[in-house]
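Pasting structure_29.txt here (compact mmCIF, C-alpha atoms and all ligand atoms):
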```txt
# COMPACT_ATOMS: atom_id res chain seq x y z
CA MET A 770 47.58 -21.05 23.87
CA TYR A 771 45.88 -20.88 20.51
CA HIS A 772 43.62 -23.10 18.46
CA THR A 773 43.93 -24.16 14.88
CA GLY A 774 40.86 -24.92 12.80
CA ILE A 775 41.63 -28.62 13.06
CA GLU A 776 41.35 -28.89 16.83
CA ALA A 777 37.80 -28.93 18.14
CA PRO A 778 37.18 -26.06 20.58
CA GLN A 779 36.41 -26.97 24.16
CA GLY A 780 32.68 -27.54 24.37
CA VAL A 781 30.20 -27.03 27.18
CA TRP A 782 26.93 -28.12 25.58
CA TRP A 783 26.78 -31.48 27.34
CA ARG A 784 26.58 -29.87 30.76
CA PRO A 785 23.03 -29.87 32.18
CA VAL A 786 21.14 -26.60 31.60
CA THR A 787 20.83 -24.39 34.62
CA GLY A 788 17.59 -23.17 36.15
CA SER A 789 17.74 -19.68 34.71
CA GLU A 790 18.40 -21.01 31.20
CA LYS A 791 15.34 -23.24 31.47
CA VAL A 792 13.28 -20.24 32.55
CA TRP A 793 14.44 -18.17 29.57
CA VAL A 794 13.89 -20.99 27.10
CA SER A 795 10.35 -21.38 28.49
CA ILE A 796 9.67 -17.62 28.27
CA ALA A 797 10.93 -17.55 24.69
CA PHE A 798 8.79 -20.54 23.77
CA VAL A 799 5.64 -19.07 25.32
CA TRP A 800 6.31 -15.78 23.56
CA CYS A 801 6.61 -17.64 20.24
CA LEU A 802 3.17 -19.13 20.87
CA VAL A 803 1.75 -15.69 21.69
CA LEU A 804 3.14 -14.19 18.48
CA PHE A 805 1.89 -17.17 16.49
CA ALA A 806 -1.61 -16.73 17.92
CA MET A 807 -1.51 -12.99 17.21
CA MET A 808 -1.23 -13.55 13.44
CA PRO A 809 -4.79 -14.90 12.97
CA LEU A 810 -6.14 -12.82 15.90
CA TRP A 811 -4.80 -9.57 14.48
CA HIS A 812 -6.23 -10.43 11.10
CA LEU A 813 -9.69 -10.75 12.65
CA ARG A 814 -9.54 -8.13 15.42
CA GLY A 815 -6.91 -5.62 14.29
CA GLY A 816 -9.38 -3.39 12.47
CA GLN A 817 -6.83 -2.56 9.81
CA ASN A 818 -7.79 -4.87 7.00
CA PRO A 819 -8.47 -2.92 3.83
CA SER A 820 -11.93 -2.98 2.28
CA GLY A 821 -10.43 -4.44 -0.86
CA ILE A 822 -12.22 -5.95 -3.79
CA ARG A 823 -9.72 -7.81 -5.93
CA HIS A 824 -9.95 -9.37 -9.28
CA ARG A 825 -7.76 -10.13 -12.20
CA VAL A 826 -7.58 -7.58 -14.95
CA ASP A 827 -5.77 -7.49 -18.25
CA PRO A 828 -3.36 -4.52 -18.10
CA VAL A 829 -4.46 -3.40 -21.58
CA ALA A 830 -8.11 -3.50 -20.54
CA PHE A 831 -7.34 -1.59 -17.32
CA SER A 832 -5.46 1.05 -19.27
CA ALA A 833 -8.42 1.42 -21.64
CA ARG A 834 -10.79 1.75 -18.67
CA VAL A 835 -8.58 4.49 -17.18
CA ASP A 836 -8.62 6.39 -20.49
CA GLU A 837 -12.41 6.09 -20.62
CA PHE A 838 -12.65 7.36 -17.03
CA ILE A 839 -10.38 10.32 -17.81
CA GLU A 840 -12.41 11.15 -20.90
CA GLU A 841 -15.64 11.14 -18.90
CA TYR A 842 -14.69 13.33 -15.92
CA ARG A 843 -11.69 15.37 -17.06
CA VAL A 844 -11.62 18.94 -15.67
CA GLY A 845 -8.10 20.05 -16.50
CA GLU A 846 -4.45 19.19 -16.80
CA GLU A 847 -1.32 19.67 -14.72
CA LYS A 848 2.12 19.17 -16.29
CA GLY A 849 0.65 16.91 -18.94
CA ILE A 850 -1.26 14.75 -16.46
CA PRO A 851 -5.07 14.98 -16.72
CA VAL A 852 -7.01 16.16 -13.66
CA VAL A 853 -10.21 14.20 -13.16
CA ALA A 854 -13.16 15.02 -10.89
CA PRO A 855 -15.47 12.00 -10.61
CA PRO A 856 -18.86 12.38 -8.86
CA PRO A 857 -19.36 10.96 -5.34
CA GLY A 858 -20.21 7.28 -5.32
CA SER A 859 -18.41 6.56 -8.55
CA HIS A 860 -15.69 4.12 -9.48
CA VAL A 861 -12.35 5.88 -9.66
CA TYR A 862 -9.34 4.54 -11.56
CA LEU A 863 -5.68 5.16 -10.89
CA LYS A 864 -3.06 3.70 -13.18
CA ALA A 865 0.53 3.14 -12.13
CA SER A 866 3.18 2.82 -14.80
CA MET A 867 6.89 3.59 -15.01
CA TRP A 868 6.98 6.36 -13.66
CA THR A 869 3.68 8.14 -13.33
CA TRP A 870 0.35 7.94 -11.56
CA VAL A 871 -2.46 8.79 -13.95
CA PRO A 872 -4.70 10.72 -13.53
CA ILE A 873 -4.64 13.38 -10.80
CA LEU A 874 -7.81 12.78 -8.79
CA LYS A 875 -10.03 15.52 -7.45
CA LEU A 876 -12.32 14.06 -4.80
CA GLN A 877 -14.80 15.48 -2.32
CA GLU A 878 -14.34 15.31 1.41
CA GLY A 879 -16.84 12.94 3.04
CA ALA A 880 -17.94 11.31 -0.23
CA GLU A 881 -17.49 7.62 -0.92
CA TYR A 882 -15.59 6.27 -3.92
CA THR A 883 -14.33 2.92 -5.07
CA LEU A 884 -10.70 3.48 -5.90
CA HIS A 885 -9.29 0.96 -8.38
CA LEU A 886 -5.53 0.56 -8.36
CA SER A 887 -3.54 -1.37 -10.90
CA SER A 888 -0.27 -1.26 -12.75
CA VAL A 889 0.32 -1.77 -16.45
CA ASP A 890 3.96 -2.82 -16.20
CA VAL A 891 5.78 -3.75 -12.98
CA ASN A 892 4.95 -3.70 -9.27
CA HIS A 893 4.50 -0.25 -7.80
CA GLY A 894 3.64 0.88 -4.29
CA PHE A 895 0.84 3.30 -3.44
CA ASN A 896 1.80 5.43 -0.47
CA LEU A 897 -0.50 8.32 0.35
CA TYR A 898 1.75 11.00 1.76
CA PRO A 899 1.71 12.29 4.49
CA MET A 900 -1.05 9.92 5.68
CA ASN A 901 1.13 6.79 5.51
CA ILE A 902 -1.49 4.61 3.82
CA ASN A 903 0.15 1.87 1.77
CA PHE A 904 -0.99 -0.58 -0.88
CA GLN A 905 0.72 -2.81 -3.39
CA VAL A 906 -0.12 -1.98 -6.98
CA VAL A 907 0.30 -5.13 -9.01
CA PRO A 908 -0.01 -5.65 -12.77
CA GLY A 909 -2.81 -8.03 -13.68
CA TYR A 910 -4.79 -7.29 -10.52
CA ASP A 911 -7.42 -4.64 -9.98
CA TYR A 912 -7.41 -3.65 -6.34
CA GLY A 913 -10.64 -1.81 -5.56
CA LEU A 914 -10.76 0.08 -2.27
CA VAL A 915 -13.86 1.73 -0.85
CA VAL A 916 -12.57 5.08 0.37
CA VAL A 917 -14.08 8.13 2.05
CA PRO A 918 -11.61 11.05 2.10
CA ASN A 919 -11.95 12.53 5.59
CA GLN A 920 -9.53 15.42 5.24
CA ALA A 921 -9.39 18.16 2.65
CA GLY A 922 -6.12 19.14 1.05
CA GLU A 923 -3.54 18.02 -1.46
CA PHE A 924 -1.95 14.65 -0.98
CA GLN A 925 0.99 13.12 -2.73
CA ILE A 926 1.07 9.55 -3.95
CA VAL A 927 4.63 8.37 -3.53
CA CYS A 928 5.74 5.11 -5.13
CA ASN A 929 7.30 2.99 -2.41
CA GLU A 930 8.15 -0.10 -4.43
CA PHE A 931 11.40 0.13 -6.37
CA CYS A 932 10.38 0.16 -10.04
CA GLY A 933 13.43 1.26 -12.01
CA VAL A 934 15.56 4.33 -12.63
CA GLY A 935 12.62 6.75 -12.45
CA HIS A 936 11.26 5.31 -9.19
CA HIS A 937 12.16 8.36 -7.10
CA LEU A 938 10.32 10.63 -9.56
CA MET A 939 7.09 8.68 -9.44
CA VAL A 940 4.85 11.05 -7.53
CA GLY A 941 1.12 11.47 -8.14
CA LYS A 942 -1.54 13.60 -6.55
CA ILE A 943 -4.99 13.43 -4.99
CA ILE A 944 -6.82 16.69 -4.30
CA VAL A 945 -9.58 16.53 -1.70
CA GLU A 946 -11.98 19.45 -1.83
CA PRO A 947 -13.58 20.57 1.45
CA ALA A 948 -17.18 19.41 1.92
CA GLN A 949 -18.70 22.95 1.96
CA LEU A 950 -16.98 23.89 -1.28
CA ALA A 951 -18.14 20.70 -2.93
CA GLN A 952 -21.74 21.33 -1.82
CA ALA A 953 -21.62 24.82 -3.30
CA GLY A 954 -20.68 23.16 -6.58
CA GLY A 955 -17.11 24.35 -6.41
CA GLY A 956 -15.96 23.37 -9.84
CA LEU A 957 -17.21 19.82 -9.64
CA ARG A 958 -19.62 18.14 -11.94
CU1 LIG B 1 6.76 3.01 -9.19
CU2 LIG B 1 8.62 2.94 -7.73
```
Re-express the file's structure as structure tokens.
Ligand code: CUA
Amino acid sequence: MYHTGIEAPQGVWWRPVTGSEKVWVSIAFVWCLVLFAMMPLWHLRGGQNPSGIRHRVDPVAFSARVDEFIEEYRVGEEKGIPVVAPPPGSHVYLKASMWTWVPILKLQEGAEYTLHLSSVDVNHGFNLYPMNINFQVVPGYDYGLVVVPNQAGEFQIVCNEFCGVGHHLMVGKIIVEPAQLAQAGGGLR
């Protein structure tokens, strides 16, 4: 016995649903309501909302601001990328473009900064490796995050939003100097 596409297959959907099916449909429905309620609840109670300050920015203006920032606090250079050491409490700028993060930031452990992220071309993704902290970096928007580095060391910024042929090469760097070293004036202005 075989069926062609023309013959309707034997159906069963008009039979009354059994008890166990009703139970599972009810469980699934209640679970949908739970998940639905979790969306606003998690937003309010999840404790993982970023401290973001967002506003629109012209990519050209942002780029100019980054250059100004580099000029002001530049302490060196690594493979053609400026290394910048801004003082605690300052506004810090990081520019994403195909396929670099500029500049390299040298921050102090335990100090607070406002980190401004923006792109001057396409969407990029800020992923602080190996901390697994992720933010979208969008052209036309300045995303300001209040950050306090709580661990000294060198951290990579990996782009996690596909942005063209050089995407896999788009790696930046943040250097966090230990608190004691920073207090002793370890190379910071
Ligand atoms: Cu920038 Cu991928």
Exercise: Ala865 in chain A partners within 7 Å, only C-alpha atoms, chain neighbours under 3 positions left out, as a VMD selection string | chain A and resid 869 to 871 887 to 889 893
Within 6 Å of ligand LIG 1 (chain B) (only C-alpha atoms and all ligand atoms), residues as a PyMOL selection string | chain A and resi 867-868+893+928-932+936+939
Would you mind exporting the chosen residues as a short mmCIF file (atom, residue, chain, number, x, y, z; two decimals), in the frame of the given file, restricted to C-alpha atoms?
```cif
data_model
loop_
_atom_site.label_atom_id
_atom_site.label_comp_id
_atom_site.auth_asym_id
_atom_site.auth_seq_id
_atom_site.Cartn_x
_atom_site.Cartn_y
_atom_site.Cartn_z
CA MET A 867 6.89 3.59 -15.01
CA TRP A 868 6.98 6.36 -13.66
CA HIS A 893 4.50 -0.25 -7.80
CA CYS A 928 5.74 5.11 -5.13
CA ASN A 929 7.30 2.99 -2.41
CA GLU A 930 8.15 -0.10 -4.43
CA PHE A 931 11.40 0.13 -6.37
CA CYS A 932 10.38 0.16 -10.04
CA HIS A 936 11.26 5.31 -9.19
CA MET A 939 7.09 8.68 -9.44
#
```
Figure out the distance between CA of Val844 in chain A and CA of Pro857 in chain A, please, to one decimal in Å.
->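 Distance between the two atoms: 15.2 Å.
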Could you state the separation of CA of Ala806 in chain A and CA of Arg823 in chain A in Å, given to one decimal place?
->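 Separation of CA of Ala806 in chain A and CA of Arg823 in chain A: 26.7 Å.
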Distance in Å - CA of Pro851 in chain A versus CA of Ala833 in chain A =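 Value for the CA of Pro851 in chain A-CA of Ala833 in chain A distance: 14.8 Å.
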Check the smallest atom-to-atom distance from each of A:Gly774, A:Gly821, A:Gly788, A:Pro856 to Tyr912 in chain A using only C-alpha atoms, then report the winner.
-> A:Gly821
Edge lengths and centre in Å, axis-aligned, range 782-790 of chain A plus 4 Å each side, as lines of an AutoDock Vina configuration file:
```
center_x = 22.3
center_y = -25.6
center_z = 30.9
size_x = 17.3
size_y = 19.8
size_z = 18.6
```
